Amino acid sequence: MADLLQELNSQQQAAVAAPAGPVLVLAGPGSGKTRVLTYRIAYLIAALGVPPYQILAVTFTNKAARVMETRVNTLLGGKTDGLWLGTFHAICGRILRREAAHLPIDHNFVIFDADDQITLVKRVIKEMGVNDKDYRPHQVHARISSAKNDLIGPEDYPIENYRDETIAGIYKAYQAYLVGSNALDFDDMLLYTAKLLETNPTVREKYARRFRHILVDEFQDTNKAQYYLLTHLASVHHNIFVVGDEDQSIYRWRGADYQNILRFSSDFDHSQKILLEQNYRSTQTILDTAVAVIDDNKNRTQKHLFTDRGTGERVTVYEAKDDIEEASYVVDTIARQVMLGRAKESDFAIMYRTNAQSRLLEEAFRRANMSYRLIGAQRFYGRREVKDLISFMRLIYNPRDEISLARVINLPPRGIGNVTLEKLQNYARQKGQSSGEVLLSLGGGDARQAADALGRAADRLQSFAEMLTGWRLDLERMSLTELFDQVLRDTEYQAFITDDRDEEQDRWANVLELRQVLLEYEDQGMAQFLEAMALVADQDTLPETLEAPTLLTLHAAKGLEFPQVFIIGLDEQYLPHSRSMDDPEEMEEERRLFYVGITRAENCLYLVRAQRRRSPYGSYETMLPSRFLQPLPDELIQGRISRPIERRSTFDMSVYQWDRQYGSPSQRKRSAPPKAREQRFYPEMHVEHPVYGEGVVRNSRLEYGDETVEVYFEGIGLKALVASLSSLEVLGEE
């Protein structure tokens, strides 16, 4: 074991060989935390003679558990029989099956997955006669899940209003169904185990004495239930060894609480705190950049991150004129480096805050005839909501498209099941028509014959048939985006996809991103749009193992590393995200998310933003540079942001006041189809926009062969609108 310790640096050695008792290891990014955990297990067994069956090691993923087990077996030559090593849920499952006599279920319980849980919530809501539009199943389930993670059962659910009372009733019935089904959901596995150890001293002491040493990975990502579960298991001996980093806690929305690190020091007297600060991944410049960002957060332990890898290149800060140029800059930079032999395609990662931001990147790669990989989500054009709406447009353009019809005829659900669809298809075959043509006859003037032949099925099909008939007429008289908006209104698609609290923002953002794509084809028409979409879809055939640049969200980047990293969208409302603006805790998490992204880079880091971004409604919005760029020291970066920062502080957040000048048209000139336009809007004009309402013109200028109008809307703020696309109407002058 002494030879093994020589393979570690001094900080790692101190952690691995720490005396028994509570130990908190704060491990900076790239500092070898997995190495420390595996060596600690090996040290306990080989040096201190602890039997493997008296050791419990807890991870957050099965992959991490497998990696750790393999490394420990390698270090000890396979002498780990009896070691308990797994995820929180796996460990809890083993305990609950052994202790089922103390539970309202027996040891043969089943575990309901996410789909099972939502199905059960829907059933309860229906049986209780609750309106599922007021109490959306995914949102109700999220409230139940959050309560369980906070160790709150249905009988203790806090009630402050009628809505809380209704959710408490759903929670109670939902839990009763689980028990009646001899089932647990994922949250129950933590809740039942924590409650069992809390309320049953005999069981608590049994496992506390069984596991003489407890080790925990990614401690900053534990929630309340997991924290109290661990404290119960360590209640006899206090031999608990946790590794984490509050600066890398980015899952608050899942219930993770980085303040468990602070609680650890107060709940376990005389705990040891050991810092791992030597980084083996990044250059010193990248580390200094990360520290400059994260030092603005409070309630954290300051770390001096250092490396033996040298200073490295300065961080590149690039300000694009718009979001299209932002994507082009990334792709062009990668292509140039590959062409010059300075890097290979797989060296690069492009990270962003939300999934919708991948769309322009994907298109830029396609235009450059370059491959790419997408991690953590489907490719933009392969995402469910995007494919749904493209299918609607395909069906409107070509009612004979049976594939698109089958996809959307019951979307959102309108009671058209497989039996009804089969009856429609059979009748269409008898008539020598497509199913879509039969629907058009149902929705048009020749409805009687089809209705008689289809019988009761015609009643279920009628509303969709009428919508399809109307959309076919709209295709001839509406623009593509107007037709798109009509489909959204008629189907109430937004309400349908925003039924999931965790995904609704990303899914609706993808819909708006697709609307923006349609704007680009307004002058070309539906045929060209659908053809382009078909070509884009060919990217879906690319293998995931492709040697290519990687596109991924910052959340998906946790635990990964790349030689060269681009972080795009460094604008206010994007990073930090708009939802964080009014919450100091959310703002700190956004800063941690940026920190995680920075520290994924090994050799080169690019921070990219856009002066303006196109909205789904035909306007360009002027963007403010992210406040996270402000603290970067000049000596660490190359490039600059065009406008100076004037900072004023409110509590622990920063708000920036920027020079209103946006730059001259010549600086922002890019190729665009020539359009003959005369200036129509002047300062102080009173105008009206179909989405933003009434406003006052502050400035207007001719550029890109069009007129860009800056309008102040009450309650919304200043918007930059493209006159030809924005349906802006003059009401008068102030």
# chains A, B, ... in the order shown; residues from 1 in each chain; ligands from 1
>>> closest_atom_pairs(of="segment 6-64 of chain A", to="segment 236-257 of chain A", cutoff="12 Å", atoms="only C-alpha atoms", output="JSON lines")
{"residue": "A:Gln12", "atom": "CA", "partner": "A:Val243", "partner_atom": "CA", "distance": 11.6}
{"residue": "A:Ala15", "atom": "CA", "partner": "A:Phe241", "partner_atom": "CA", "distance": 9.1}
{"residue": "A:Val16", "atom": "CA", "partner": "A:Phe241", "partner_atom": "CA", "distance": 9.7}
{"residue": "A:Ala17", "atom": "CA", "partner": "A:Phe241", "partner_atom": "CA", "distance": 11.3}
{"residue": "A:Ala18", "atom": "CA", "partner": "A:Phe241", "partner_atom": "CA", "distance": 9.3}
{"residue": "A:Pro19", "atom": "CA", "partner": "A:Asn239", "partner_atom": "CA", "distance": 9.2}
{"residue": "A:Ala20", "atom": "CA", "partner": "A:Asn239", "partner_atom": "CA", "distance": 5.7}
{"residue": "A:Gly21", "atom": "CA", "partner": "A:Asn239", "partner_atom": "CA", "distance": 4.2}
{"residue": "A:Pro22", "atom": "CA", "partner": "A:Ile240", "partner_atom": "CA", "distance": 4.8}
{"residue": "A:Val23", "atom": "CA", "partner": "A:Phe241", "partner_atom": "CA", "distance": 4.7}
{"residue": "A:Leu24", "atom": "CA", "partner": "A:Val242", "partner_atom": "CA", "distance": 5.2}
{"residue": "A:Val25", "atom": "CA", "partner": "A:Val243", "partner_atom": "CA", "distance": 4.7}
{"residue": "A:Leu26", "atom": "CA", "partner": "A:Asp245", "partner_atom": "CA", "distance": 5.2}
{"residue": "A:Ala27", "atom": "CA", "partner": "A:Asp245", "partner_atom": "CA", "distance": 5.6}
{"residue": "A:Gly28", "atom": "CA", "partner": "A:Asp245", "partner_atom": "CA", "distance": 6.3}
{"residue": "A:Pro29", "atom": "CA", "partner": "A:Gln248", "partner_atom": "CA", "distance": 8.0}
{"residue": "A:Gly30", "atom": "CA", "partner": "A:Asp245", "partner_atom": "CA", "distance": 11.3}
{"residue": "A:Ser31", "atom": "CA", "partner": "A:Asp245", "partner_atom": "CA", "distance": 10.8}
{"residue": "A:Gly32", "atom": "CA", "partner": "A:Val243", "partner_atom": "CA", "distance": 10.6}
{"residue": "A:Lys33", "atom": "CA", "partner": "A:Val243", "partner_atom": "CA", "distance": 6.9}
{"residue": "A:Thr34", "atom": "CA", "partner": "A:Val243", "partner_atom": "CA", "distance": 8.9}
{"residue": "A:Arg35", "atom": "CA", "partner": "A:Val243", "partner_atom": "CA", "distance": 11.0}
{"residue": "A:Val36", "atom": "CA", "partner": "A:Val243", "partner_atom": "CA", "distance": 8.8}
{"residue": "A:Leu37", "atom": "CA", "partner": "A:Val243", "partner_atom": "CA", "distance": 7.8}
{"residue": "A:Thr38", "atom": "CA", "partner": "A:Val243", "partner_atom": "CA", "distance": 11.5}
{"residue": "A:Arg40", "atom": "CA", "partner": "A:Phe241", "partner_atom": "CA", "distance": 9.0}
{"residue": "A:Ile41", "atom": "CA", "partner": "A:Phe241", "partner_atom": "CA", "distance": 10.2}
{"residue": "A:Leu44", "atom": "CA", "partner": "A:Asn239", "partner_atom": "CA", "distance": 11.4}
{"residue": "A:Gln54", "atom": "CA", "partner": "A:Asn239", "partner_atom": "CA", "distance": 11.3}
{"residue": "A:Ile55", "atom": "CA", "partner": "A:Asn239", "partner_atom": "CA", "distance": 10.1}
{"residue": "A:Leu56", "atom": "CA", "partner": "A:Ile240", "partner_atom": "CA", "distance": 9.6}
{"residue": "A:Ala57", "atom": "CA", "partner": "A:Phe241", "partner_atom": "CA", "distance": 9.3}
{"residue": "A:Val58", "atom": "CA", "partner": "A:Val242", "partner_atom": "CA", "distance": 9.5}
{"residue": "A:Thr59", "atom": "CA", "partner": "A:Val243", "partner_atom": "CA", "distance": 10.3}
{"residue": "A:Phe60", "atom": "CA", "partner": "A:Ala256", "partner_atom": "CA", "distance": 11.7}
>>> closest_atom_pairs(of="segment 206-319 of chain A", to="segment 66-87 of chain A", cutoff="10 Å", atoms="only C-alpha atoms", output="Markdown table")
| residue | atom | partner | partner_atom | distance |
| --- | --- | --- | --- | --- |
| A:Phe211 | CA | A:Trp84 | CA | 9.0 |
| A:Ile214 | CA | A:Trp84 | CA | 9.7 |
| A:Leu215 | CA | A:Leu85 | CA | 9.3 |
| A:Val216 | CA | A:Thr87 | CA | 9.7 |
| A:Asp217 | CA | A:Thr87 | CA | 9.6 |
>>> write_last_selection(atoms="all heavy atoms", output="PDB file, in the first residue's frame")
ATOM      1  N   PHE A 211     -21.850  -1.324   8.490  1.00  0.00           N
ATOM      2  CA  PHE A 211     -20.953  -0.542   7.639  1.00  0.00           C
ATOM      3  C   PHE A 211     -20.077   0.356   8.512  1.00  0.00           C
ATOM      4  O   PHE A 211     -20.484   1.439   8.923  1.00  0.00           O
ATOM      5  CB  PHE A 211     -21.759   0.297   6.646  1.00  0.00           C
ATOM      6  CG  PHE A 211     -22.641  -0.512   5.741  1.00  0.00           C
ATOM      7  CD1 PHE A 211     -24.012  -0.310   5.726  1.00  0.00           C
ATOM      8  CD2 PHE A 211     -22.103  -1.492   4.912  1.00  0.00           C
ATOM      9  CE1 PHE A 211     -24.823  -1.063   4.892  1.00  0.00           C
ATOM     10  CE2 PHE A 211     -22.912  -2.245   4.085  1.00  0.00           C
ATOM     11  CZ  PHE A 211     -24.278  -2.043   4.075  1.00  0.00           C
ATOM     12  N   ILE A 214     -18.181   4.467   5.452  1.00  0.00           N
ATOM     13  CA  ILE A 214     -19.079   4.902   4.380  1.00  0.00           C
ATOM     14  C   ILE A 214     -18.351   5.928   3.526  1.00  0.00           C
ATOM     15  O   ILE A 214     -17.764   6.887   4.043  1.00  0.00           O
ATOM     16  CB  ILE A 214     -20.374   5.509   4.958  1.00  0.00           C
ATOM     17  CG1 ILE A 214     -21.122   4.450   5.776  1.00  0.00           C
ATOM     18  CG2 ILE A 214     -21.259   6.069   3.851  1.00  0.00           C
ATOM     19  CD1 ILE A 214     -22.256   5.002   6.598  1.00  0.00           C
ATOM     20  N   LEU A 215     -18.381   5.723   2.211  1.00  0.00           N
ATOM     21  CA  LEU A 215     -17.741   6.648   1.276  1.00  0.00           C
ATOM     22  C   LEU A 215     -18.788   7.132   0.273  1.00  0.00           C
ATOM     23  O   LEU A 215     -19.607   6.340  -0.206  1.00  0.00           O
ATOM     24  CB  LEU A 215     -16.581   5.975   0.538  1.00  0.00           C
ATOM     25  CG  LEU A 215     -15.431   5.436   1.403  1.00  0.00           C
ATOM     26  CD1 LEU A 215     -15.683   3.974   1.773  1.00  0.00           C
ATOM     27  CD2 LEU A 215     -14.100   5.569   0.682  1.00  0.00           C
ATOM     28  N   VAL A 216     -18.759   8.410  -0.059  1.00  0.00           N
ATOM     29  CA  VAL A 216     -19.781   9.006  -0.922  1.00  0.00           C
ATOM     30  C   VAL A 216     -19.112   9.849  -2.004  1.00  0.00           C
ATOM     31  O   VAL A 216     -18.278  10.707  -1.705  1.00  0.00           O
ATOM     32  CB  VAL A 216     -20.762   9.886  -0.112  1.00  0.00           C
ATOM     33  CG1 VAL A 216     -21.905  10.351  -1.009  1.00  0.00           C
ATOM     34  CG2 VAL A 216     -21.292   9.138   1.100  1.00  0.00           C
ATOM     35  N   ASP A 217     -19.522   9.612  -3.241  1.00  0.00           N
ATOM     36  CA  ASP A 217     -19.046  10.392  -4.382  1.00  0.00           C
ATOM     37  C   ASP A 217     -20.054  11.495  -4.708  1.00  0.00           C
ATOM     38  O   ASP A 217     -21.240  11.369  -4.407  1.00  0.00           O
ATOM     39  CB  ASP A 217     -18.882   9.463  -5.585  1.00  0.00           C
ATOM     40  CG  ASP A 217     -18.133  10.113  -6.737  1.00  0.00           C
ATOM     41  OD1 ASP A 217     -17.523  11.174  -6.528  1.00  0.00           O
ATOM     42  OD2 ASP A 217     -18.154   9.545  -7.841  1.00  0.00           O
TER      43      ASP A 217
END
>>> atom_distance(atom1="atom CA of Ile170 of chain A", atom2="atom CA of Pro158 of chain A")
13.3 Å
>>> residues_around(residues="Asp322 of chain A", least_positions_apart="6", cutoff="9 Å", atoms="only C-alpha atoms", output="VMD selection string")
chain A and resid 609 to 614 620 668
>>> select_by_dssp(residues="segment 302-474 of chain A", states="strand (DSSP E or B)", output="list in words")
Phe306, Val315, Thr316, Val317, Tyr318, Glu319, Ala320, Phe348, Ala349, Ile350, Met351, Tyr352, Arg373, Leu374 and Ile375 of chain A
>>> atom_distance(atom1="atom CA of Ile409 of chain A", atom2="atom CA of Phe464 of chain A")
7.0 Å
>>> select_by_dssp(residues="segment 383-572 of chain A", states="helix (DSSP H, G or I)", output="PyMOL selection string")
chain A and resi 384-397+402-408+418-431+435-443+448-454+456-477+480-491+493-497+504-519+526-541
>>> atom_distance(atom1="atom CA of Val730 of chain A", atom2="atom CA of Glu482 of chain A")
20.9 Å
>>> closest_residue(among="A:Ser463, A:Ala548, A:Arg353, A:Ser441", to="Gln573 of chain A", atoms="only C-alpha atoms")
A:Arg353
>>> residues_around(residues="Leu607 of chain A", least_positions_apart="5", cutoff="8 Å", atoms="only C-alpha atoms", output="list of chain:residue names")
A:Val315, A:Thr316, A:Val317, A:Tyr318, A:Phe566, A:Ile567, A:Ile568, A:Leu570
>>> residues_around(residues="Ala142 of chain A", least_positions_apart="2", cutoff="12 Å", atoms="only C-alpha atoms", output="NGL selection string")
:A and (114 or 117-118 or 121 or 135-140 or 144-149 or 167 or 171 or 187 or 253-255 or 499-503)
>>> residues_around(residues="Leu196 of chain A", least_positions_apart="3", cutoff="12 Å", atoms="only C-alpha atoms", output="PyMOL selection string")
chain A and resi 92+95-96+98-104+151+188-193+199-207+225+228-229+232-233
>>> closest_residue(among="A:Glu513, A:Thr166, A:Asp113, A:Tyr53", to="Asp132 of chain A", atoms="only C-alpha atoms")
A:Thr166
